[in-house]
file input08.csv (CSV, C-alpha atoms and all ligand atoms)
chain,number,residue,atom,x,y,z
G,1,MET,CA,112.4,221.9,79.4
G,2,THR,CA,109.5,220.3,81.1
G,3,GLU,CA,106.5,222.2,82.5
G,4,ARG,CA,107.8,222.0,86.0
G,5,ASP,CA,110.9,223.9,85.0
G,6,GLU,CA,108.9,227.0,83.9
G,7,ARG,CA,109.8,229.1,86.8
G,8,PRO,CA,113.4,228.6,87.7
G,9,GLY,CA,115.6,231.5,88.7
G,10,ARG,CA,113.0,233.6,90.5
G,11,THR,CA,115.0,235.5,93.1
G,12,VAL,CA,114.8,234.0,96.6
G,13,ARG,CA,114.4,236.7,99.2
G,14,LYS,CA,112.4,235.2,102.0
G,15,ALA,CA,113.4,233.0,104.9
G,16,VAL,CA,110.9,231.1,107.2
G,17,ILE,CA,112.1,229.9,110.6
G,18,PRO,CA,109.8,227.6,112.5
G,19,ALA,CA,110.2,228.5,116.2
G,20,ALA,CA,107.1,227.3,117.9
G,21,GLY,CA,108.4,224.1,119.5
G,22,GLN,CA,108.3,223.7,123.2
G,23,GLY,CA,111.9,222.6,123.6
G,24,THR,CA,111.0,220.0,126.2
G,25,ARG,CA,114.5,218.3,125.8
G,26,PHE,CA,115.9,221.4,127.6
G,27,LEU,CA,113.6,221.6,130.5
G,28,PRO,CA,113.7,223.3,133.0
G,29,ALA,CA,115.7,225.9,131.0
G,30,THR,CA,112.9,226.2,128.5
G,31,LYS,CA,110.1,226.5,131.1
G,32,ALA,CA,109.9,230.2,130.7
G,33,MET,CA,112.2,230.8,127.8
G,34,PRO,CA,112.2,229.6,124.2
G,35,LYS,CA,114.9,227.1,123.3
G,36,GLU,CA,115.9,229.3,120.4
G,37,MET,CA,117.2,231.8,122.9
G,38,LEU,CA,119.6,229.3,124.5
G,39,PRO,CA,123.1,230.8,124.2
G,40,VAL,CA,125.7,229.2,121.9
G,41,VAL,CA,128.7,230.8,123.6
G,42,ASP,CA,127.3,234.3,124.0
G,43,THR,CA,124.8,234.5,121.1
G,44,PRO,CA,121.3,233.0,121.1
G,45,ALA,CA,121.0,230.0,118.7
G,46,ILE,CA,118.4,231.8,116.7
G,47,GLN,CA,120.7,234.7,115.8
G,48,TYR,CA,123.1,232.3,114.1
G,49,ILE,CA,120.2,231.1,112.0
G,50,VAL,CA,119.1,234.6,111.0
G,51,GLU,CA,122.7,235.5,110.2
G,52,GLU,CA,123.0,232.6,107.9
G,53,ALA,CA,119.8,233.6,106.0
G,54,VAL,CA,121.1,237.2,105.7
G,55,ARG,CA,124.5,236.0,104.3
G,56,ALA,CA,122.5,234.3,101.5
G,57,GLY,CA,120.7,237.5,100.7
G,58,LEU,CA,117.5,236.5,102.5
G,59,THR,CA,116.7,239.7,104.5
G,60,ASP,CA,113.0,239.1,104.8
G,61,VAL,CA,112.6,236.7,107.7
G,62,LEU,CA,109.4,235.3,109.0
G,63,MET,CA,109.4,233.5,112.3
G,64,ILE,CA,106.6,231.0,113.1
G,65,THR,CA,106.2,231.3,116.8
G,66,GLY,CA,103.9,230.3,119.6
G,67,ARG,CA,103.3,231.0,123.2
G,68,ASN,CA,106.3,231.9,125.4
G,69,LYS,CA,108.2,233.5,122.5
G,70,ARG,CA,108.2,237.1,123.4
G,71,SER,CA,111.9,237.2,124.1
G,72,LEU,CA,112.5,236.3,120.4
G,73,GLU,CA,110.8,239.5,119.4
G,74,ASP,CA,112.6,241.5,122.0
G,75,HIS,CA,116.0,240.1,120.8
G,76,PHE,CA,115.5,241.3,117.3
G,77,ASP,CA,114.0,244.7,118.4
G,78,ARG,CA,115.9,247.7,119.8
G,79,ASN,CA,116.7,248.0,123.5
G,80,VAL,CA,116.9,251.8,123.7
G,81,GLU,CA,117.5,251.9,127.5
G,82,LEU,CA,120.5,249.5,127.2
G,83,GLU,CA,121.8,251.3,124.1
G,84,VAL,CA,121.7,254.8,125.8
G,85,GLY,CA,123.4,253.4,128.9
G,86,LEU,CA,126.3,251.8,126.9
G,87,GLU,CA,126.6,254.9,124.8
G,88,ALA,CA,126.9,257.1,127.9
G,89,LYS,CA,129.7,254.8,129.2
G,90,GLY,CA,131.4,254.9,125.8
G,91,ASP,CA,131.3,251.1,125.5
G,92,SER,CA,131.1,251.0,121.8
G,93,ALA,CA,132.1,247.3,121.5
G,94,LYS,CA,129.1,246.1,123.6
G,95,LEU,CA,126.9,248.7,122.0
G,96,ALA,CA,127.7,247.1,118.6
G,97,ARG,CA,126.9,243.6,120.0
G,98,VAL,CA,123.5,244.8,121.2
G,99,GLN,CA,122.7,246.5,117.9
G,100,GLU,CA,123.9,243.6,115.7
G,101,SER,CA,120.6,241.6,116.0
G,102,THR,CA,118.4,244.7,115.4
G,103,ASP,CA,120.1,245.7,112.2
G,104,LEU,CA,120.3,242.2,110.6
G,105,ALA,CA,117.1,241.7,108.8
G,106,GLN,CA,113.4,242.6,108.6
G,107,VAL,CA,112.0,240.1,111.0
G,108,HIS,CA,108.2,239.3,111.0
G,109,TYR,CA,106.3,237.1,113.3
G,110,VAL,CA,103.2,234.9,112.9
G,111,ARG,CA,101.9,232.5,115.5
G,112,GLN,CA,101.3,228.9,114.6
G,113,GLY,CA,98.3,228.6,116.9
G,114,ASP,CA,97.7,224.8,117.3
G,115,PRO,CA,101.2,223.3,116.5
G,116,LYS,CA,100.5,220.4,114.2
G,117,GLY,CA,103.9,219.6,112.9
G,118,LEU,CA,106.6,221.1,110.6
G,119,GLY,CA,104.4,220.9,107.5
G,120,HIS,CA,101.7,222.9,109.4
G,121,ALA,CA,104.3,225.5,110.5
G,122,VAL,CA,105.4,226.0,106.9
G,123,ALA,CA,101.7,226.2,105.7
G,124,VAL,CA,101.2,229.1,108.2
G,125,ALA,CA,103.8,231.1,106.2
G,126,GLU,CA,101.8,231.1,103.0
G,127,GLN,CA,100.2,234.5,103.5
G,128,HIS,CA,103.5,236.2,104.1
G,129,VAL,CA,105.5,234.3,101.4
G,130,GLY,CA,102.9,234.5,98.6
G,131,ASP,CA,103.9,233.1,95.2
G,132,GLU,CA,107.7,233.1,95.7
G,133,PRO,CA,110.3,230.5,96.4
G,134,PHE,CA,111.5,230.7,100.0
G,135,VAL,CA,114.0,229.0,102.3
G,136,VAL,CA,113.0,227.2,105.5
G,137,LEU,CA,115.7,227.1,108.2
G,138,LEU,CA,115.3,224.8,111.2
G,139,GLY,CA,116.8,226.2,114.4
G,140,ASP,CA,118.4,223.0,115.6
G,141,ASP,CA,121.0,223.0,112.9
G,142,ILE,CA,123.7,225.7,112.9
G,143,VAL,CA,125.7,225.7,109.6
G,144,ASP,CA,129.2,227.1,109.8
G,145,ALA,CA,129.5,230.6,108.2
G,146,ARG,CA,132.5,229.3,106.2
G,147,ASP,CA,130.4,226.7,104.4
G,148,PRO,CA,127.8,228.5,102.4
G,149,LEU,CA,125.1,225.8,102.0
G,150,LEU,CA,122.2,228.1,101.1
G,151,ASP,CA,124.2,229.7,98.2
G,152,ALA,CA,124.7,226.2,96.7
G,153,MET,CA,120.9,225.4,97.1
G,154,ILE,CA,119.9,228.7,95.5
G,155,ALA,CA,122.2,227.9,92.5
G,156,VAL,CA,120.5,224.4,92.1
G,157,ARG,CA,117.1,226.1,92.1
G,158,GLU,CA,118.3,228.5,89.5
G,159,GLU,CA,119.4,225.6,87.3
G,160,HIS,CA,116.6,223.2,87.8
G,161,GLY,CA,113.6,225.0,89.3
G,162,GLY,CA,111.4,223.2,91.8
G,163,SER,CA,112.5,222.7,95.4
G,164,VAL,CA,115.9,221.9,96.9
G,165,VAL,CA,116.6,220.0,100.1
G,166,ALA,CA,119.9,219.8,102.0
G,167,PHE,CA,121.2,216.3,102.9
G,168,MET,CA,123.9,214.9,104.9
G,169,GLU,CA,125.3,211.3,104.8
G,170,VAL,CA,124.7,209.7,108.2
G,171,PRO,CA,125.6,206.3,109.7
G,172,GLU,CA,122.9,203.6,109.3
G,173,ASP,CA,122.0,203.7,113.0
G,174,GLN,CA,121.1,207.4,112.8
G,175,ILE,CA,118.8,207.5,109.8
G,176,HIS,CA,115.7,206.9,111.9
G,177,LEU,CA,116.1,210.4,113.3
G,178,TYR,CA,115.7,212.1,109.9
G,179,GLY,CA,113.8,212.4,106.7
G,180,CYS,CA,115.5,210.1,104.2
G,181,ALA,CA,115.8,210.3,100.4
G,182,VAL,CA,115.6,208.1,97.4
G,183,ALA,CA,117.9,209.9,95.1
G,184,GLU,CA,120.0,209.5,91.9
G,185,PRO,CA,123.2,211.4,91.0
G,186,THR,CA,123.1,214.2,88.5
G,187,GLY,CA,126.1,215.3,86.4
G,188,THR,CA,127.1,217.6,89.2
G,189,THR,CA,129.1,216.6,92.3
G,190,ASP,CA,126.9,216.5,95.4
G,191,VAL,CA,123.7,217.5,93.6
G,192,VAL,CA,121.1,214.7,93.4
G,193,LYS,CA,117.7,214.3,91.8
G,194,VAL,CA,115.2,213.2,94.5
G,195,SER,CA,112.5,210.7,93.5
G,196,GLY,CA,111.2,209.9,96.9
G,197,LEU,CA,111.3,210.9,100.6
G,198,VAL,CA,110.3,209.1,103.8
G,199,GLU,CA,110.1,210.6,107.2
G,200,LYS,CA,112.2,208.8,109.9
G,201,PRO,CA,112.3,205.3,108.5
G,202,LYS,CA,113.4,202.3,110.5
G,203,ARG,CA,117.1,201.5,109.9
G,204,GLU,CA,116.2,198.3,107.9
G,205,GLU,CA,113.6,200.2,105.7
G,206,ALA,CA,115.7,203.3,104.9
G,207,PRO,CA,116.2,203.7,101.2
G,208,SER,CA,119.6,205.5,101.6
G,209,ASN,CA,121.9,207.1,104.0
G,210,LEU,CA,120.9,210.6,102.9
G,211,ALA,CA,119.4,212.5,105.8
G,212,ILE,CA,117.5,215.7,105.5
G,213,ILE,CA,119.1,218.5,107.5
G,214,GLY,CA,117.2,221.5,108.4
G,215,ARG,CA,117.5,223.6,105.2
G,216,TYR,CA,114.9,223.6,102.5
G,217,LEU,CA,114.4,225.9,99.5
G,218,LEU,CA,110.7,225.5,98.6
G,219,ASP,CA,108.7,226.3,95.5
G,220,PRO,CA,105.4,227.9,96.5
G,221,ALA,CA,103.7,224.8,94.9
G,222,VAL,CA,104.3,223.3,98.4
G,223,PHE,CA,101.4,225.2,99.8
G,224,ASP,CA,98.8,223.5,97.7
G,225,VAL,CA,100.3,220.2,98.5
G,226,LEU,CA,100.5,220.9,102.3
G,227,ARG,CA,96.8,221.7,102.3
G,228,GLU,CA,96.1,218.1,101.1
G,229,THR,CA,98.7,216.5,103.3
G,230,PRO,CA,97.2,214.3,106.0
G,231,PRO,CA,98.9,213.8,109.4
G,232,GLY,CA,101.8,211.4,109.0
G,233,LYS,CA,104.6,210.1,111.4
G,234,GLY,CA,103.8,211.0,115.0
G,235,GLY,CA,100.3,212.3,114.0
G,236,GLU,CA,101.9,215.5,112.7
G,237,ILE,CA,101.7,217.1,109.2
G,238,GLN,CA,105.1,216.3,107.9
G,239,LEU,CA,107.0,218.6,105.4
G,240,THR,CA,108.7,215.4,104.2
G,241,ASP,CA,105.4,214.0,103.1
G,242,ALA,CA,104.6,217.1,101.1
G,243,LEU,CA,108.1,217.0,99.5
G,244,GLN,CA,107.5,213.3,98.6
G,245,VAL,CA,104.5,214.5,96.5
G,246,LEU,CA,106.6,217.2,94.9
G,247,ALA,CA,109.4,214.8,94.2
G,248,SER,CA,107.3,212.0,92.7
G,249,GLY,CA,104.5,214.0,90.9
G,250,ASP,CA,104.3,216.3,88.0
G,251,GLY,CA,103.1,219.9,87.8
G,252,PRO,CA,104.2,223.5,87.8
G,253,GLY,CA,106.8,224.0,90.6
G,254,TYR,CA,107.2,220.3,91.1
G,255,GLY,CA,110.5,218.4,91.2
G,256,VAL,CA,113.0,218.1,94.1
G,257,HIS,CA,116.8,218.2,94.0
G,258,GLY,CA,119.2,217.7,96.8
G,259,VAL,CA,122.5,219.2,97.8
G,260,VAL,CA,124.7,216.8,99.8
G,261,PHE,CA,126.3,219.0,102.4
G,262,ARG,CA,129.9,218.1,103.5
G,263,GLY,CA,130.6,221.2,105.5
G,264,ARG,CA,130.5,221.9,109.2
G,265,ARG,CA,127.1,221.6,110.9
G,266,TYR,CA,126.4,221.9,114.6
G,267,ASP,CA,123.3,220.2,116.0
G,268,THR,CA,121.8,222.0,119.0
G,269,GLY,CA,118.8,219.7,119.1
G,270,ASP,CA,119.6,217.7,122.2
G,271,LYS,CA,121.7,218.3,125.3
G,272,LEU,CA,124.9,216.4,124.3
G,273,ASP,CA,125.0,217.8,120.8
G,274,TYR,CA,124.2,221.3,122.1
G,275,ILE,CA,127.2,221.1,124.5
G,276,LYS,CA,129.4,219.8,121.7
G,277,ALA,CA,128.3,222.7,119.5
G,278,VAL,CA,129.1,225.3,122.3
G,279,VAL,CA,132.5,223.8,122.9
G,280,ARG,CA,133.4,223.6,119.2
G,281,LEU,CA,132.3,227.1,118.4
G,282,ALA,CA,133.9,228.5,121.6
G,283,SER,CA,137.2,226.8,120.9
G,284,GLU,CA,137.5,228.7,117.6
G,285,ARG,CA,136.7,232.1,119.1
G,286,SER,CA,139.5,234.6,119.1
G,287,ASP,CA,138.6,235.9,122.6
G,288,ILE,CA,138.4,232.7,124.5
G,289,GLY,CA,139.3,229.9,122.1
G,290,SER,CA,143.0,229.4,123.0
G,291,ASP,CA,142.4,229.5,126.8
G,292,LEU,CA,139.5,227.0,126.3
G,293,ARG,CA,141.5,224.6,124.2
G,294,GLU,CA,144.3,224.6,126.7
G,295,TRP,CA,142.0,224.0,129.6
G,296,LEU,CA,140.1,221.2,127.7
G,297,GLY,CA,143.4,219.4,127.0
G,298,GLU,CA,144.3,219.6,130.7
G,299,PHE,CA,140.8,218.6,131.8
G,300,VAL,CA,140.7,215.5,129.6
G,301,ALA,CA,144.2,214.5,130.5
G,302,SER,CA,143.5,214.8,134.2
G,303,GLY,CA,140.7,212.2,133.9
G,304,ALA,CA,138.4,214.6,135.7
G,305,GLY,CA,134.7,213.8,135.5
G,306,SER,CA,135.3,210.1,135.0
G,307,GLN,CA,136.4,209.6,138.6
G,308,ASP,CA,133.2,208.9,140.6
O,401,LIG,C1,112.6,217.5,111.1
O,401,LIG,C2,112.2,216.8,109.8
O,401,LIG,C3,113.1,215.7,109.4
O,401,LIG,C4,114.5,216.3,109.3
O,401,LIG,C5,114.9,217.0,110.6
O,401,LIG,C6,116.3,217.7,110.4
O,401,LIG,O1,112.6,216.6,112.1
O,401,LIG,O2,110.9,216.3,110.0
O,401,LIG,O3,112.7,215.2,108.1
O,401,LIG,O4,115.4,215.3,108.9
O,401,LIG,O5,114.0,218.0,111.0
O,401,LIG,O6,116.7,218.2,111.6
O,401,LIG,P1,112.7,216.9,113.7
O,401,LIG,O7,114.2,216.9,114.0
O,401,LIG,O8,112.1,218.3,113.9
O,401,LIG,O9,112.0,215.9,114.5

call {"tool": "encode", "arguments": {"input": "input08.csv", "output": "structure tokens"}}
result
Amino acid sequence: MTERDERPGRTVRKAVIPAAGQGTRFLPATKAMPKEMLPVVDTPAIQYIVEEAVRAGLTDVLMITGRNKRSLEDHFDRNVELEVGLEAKGDSAKLARVQESTDLAQVHYVRQGDPKGLGHAVAVAEQHVGDEPFVVLLGDDIVDARDPLLDAMIAVREEHGGSVVAFMEVPEDQIHLYGCAVAEPTGTTDVVKVSGLVEKPKREEAPSNLAIIGRYLLDPAVFDVLRETPPGKGGEIQLTDALQVLASGDGPGYGVHGVVFRGRRYDTGDKLDYIKAVVRLASERSDIGSDLREWLGEFVASGAGSQD
């Protein structure tokens, strides 16, 4: 066992969710409301993310927020007035829906101040996280509850130590939208050893088709590296650049593995993907799914929408 493997297996308890972005792709909806509160069917996108963390046993959640994010705090707090009203009406189903987000996890908040990129957002978590491994979940990716990606990542950390990144194989013409890995297979299916990472490479310069999706299990060694990480792509402090140091260097807590995810993931990062995510998730719901699927079939068959 090398020095870098000295601290595998430390329990992962904490999740960090960067939520300070301005959500400009969704203006004007996000003028006065954080994009994390956009509903996916009837549940804010951020609640899916917290639910995923909690399913993996991460009940201590830190949100990195900014201005305009008060409704996030309200959503995970109690709404006594509403609860009393629903109780008086005997509407226990709706009452349960209201209370769901309150009882989920212990949610903490810290403001990013001057947003200087994803690496900077993660660095802001240091005081809360301390010297423990932690998971970062990006809000634009919703991972289906039936495909437990975080459990697989935690198992890889337990075996190898260091940090673990989630990848997805993407077509060549999409790799410029993601962090991209140089990676070699390990003996285990869909687990790779990462030797390099590059943020949003040009198609012709991409070292592979492995794209980082928004789930990272980070060793606290990342904090020292982030302190030394200069602004990169887009003038922002990139988490990918800090991971490149951890993947290619040597030291306690260094080393990066990857889990290649082949499950269901819903991107809510831009308008079209967001609408697809809403339709896919709604069409599986027991309350409205079958009506929606029937209507969708008729809608498409009628050629509506393509007529003018
Ligand atoms: C961020 C990361 C990128 C990663 C992506 C996943 O980029 O910097 O490496 O592939 O998230 O969603 P963003 O999409 O925030 O520009």

call {"tool": "residues_around", "arguments": {"input": "input08.csv", "residues": "His176 in chain G", "least_positions_apart": "2", "cutoff": "8 Å", "atoms": "all atoms listed in the file", "output": "list in words"}}
result
Asp173, Gln174, Tyr178, Gly179, Lys200, Pro201, Lys202, Arg203 and Ala206 of chain G

call {"tool": "residues_around", "arguments": {"input": "input08.csv", "residues": "range 191-196 of chain G", "least_positions_apart": "2", "cutoff": "6 Å", "atoms": "all atoms listed in the file", "output": "list of chain:residue names"}}
result
G:Ala181, G:Val182, G:Ala183, G:Glu184, G:Pro185, G:Thr186, G:Thr188, G:Thr189, G:Gln244, G:Ala247, G:Ser248, G:Val256, G:His257, G:Gly258, G:Val259

call {"tool": "closest_residue", "arguments": {"input": "input08.csv", "among": "G:Arg215, G:Arg227, G:Arg265, G:Arg78", "to": "ligand LIG 401 (chain O)", "atoms": "only C-alpha atoms and all ligand atoms"}}
result
G:Arg215

call {"tool": "closest_residue", "arguments": {"input": "input08.csv", "among": "G:His75, G:Lys14, G:Lys35, G:Lys233", "to": "ligand LIG 401 (chain O)", "atoms": "only C-alpha atoms and all ligand atoms"}}
result
G:Lys233

call {"tool": "residues_near_ligand", "arguments": {"input": "input08.csv", "ligand": "ligand LIG 401 (chain O)", "cutoff": "9 Å", "atoms": "all atoms listed in the file", "output": "PyMOL selection string"}}
result
chain G and resi 21+117-119+138-141+167+175-180+197-200+211-215+233+238-241+267+269

call {"tool": "residues_around", "arguments": {"input": "input08.csv", "residues": "Val122 in chain G", "least_positions_apart": "3", "cutoff": "12 Å", "atoms": "only C-alpha atoms", "output": "NGL selection string"}}
result
:G and (15-20 or 62-65 or 110-112 or 115-119 or 125-129 or 134-138 or 216-220 or 222-227 or 237-240 or 242-243)

call {"tool": "closest_residue", "arguments": {"input": "input08.csv", "among": "G:Lys31, G:Arg157, G:His120, G:Arg13", "to": "Gly232 in chain G", "atoms": "all atoms listed in the file"}}
result
G:His120

call {"tool": "closest_residue", "arguments": {"input": "input08.csv", "among": "G:Thr11, G:Gln47, G:Thr102, G:Asn68", "to": "Met33 in chain G", "atoms": "all atoms listed in the file"}}
result
G:Asn68

call {"tool": "atom_distance", "arguments": {"input": "input08.csv", "atom1": "CA of Pro207 in chain G", "atom2": "CA of Met168 in chain G"}}
result
14.1 Å

call {"tool": "atom_distance", "arguments": {"input": "input08.csv", "atom1": "CA of Asp190 in chain G", "atom2": "CA of Ala53 in chain G"}}
result
21.3 Å

call {"tool": "closest_residue", "arguments": {"input": "input08.csv", "among": "G:Val279, G:Ala121, G:Ala105, G:Leu292", "to": "Glu52 in chain G", "atoms": "all atoms listed in the file"}}
result
G:Ala105
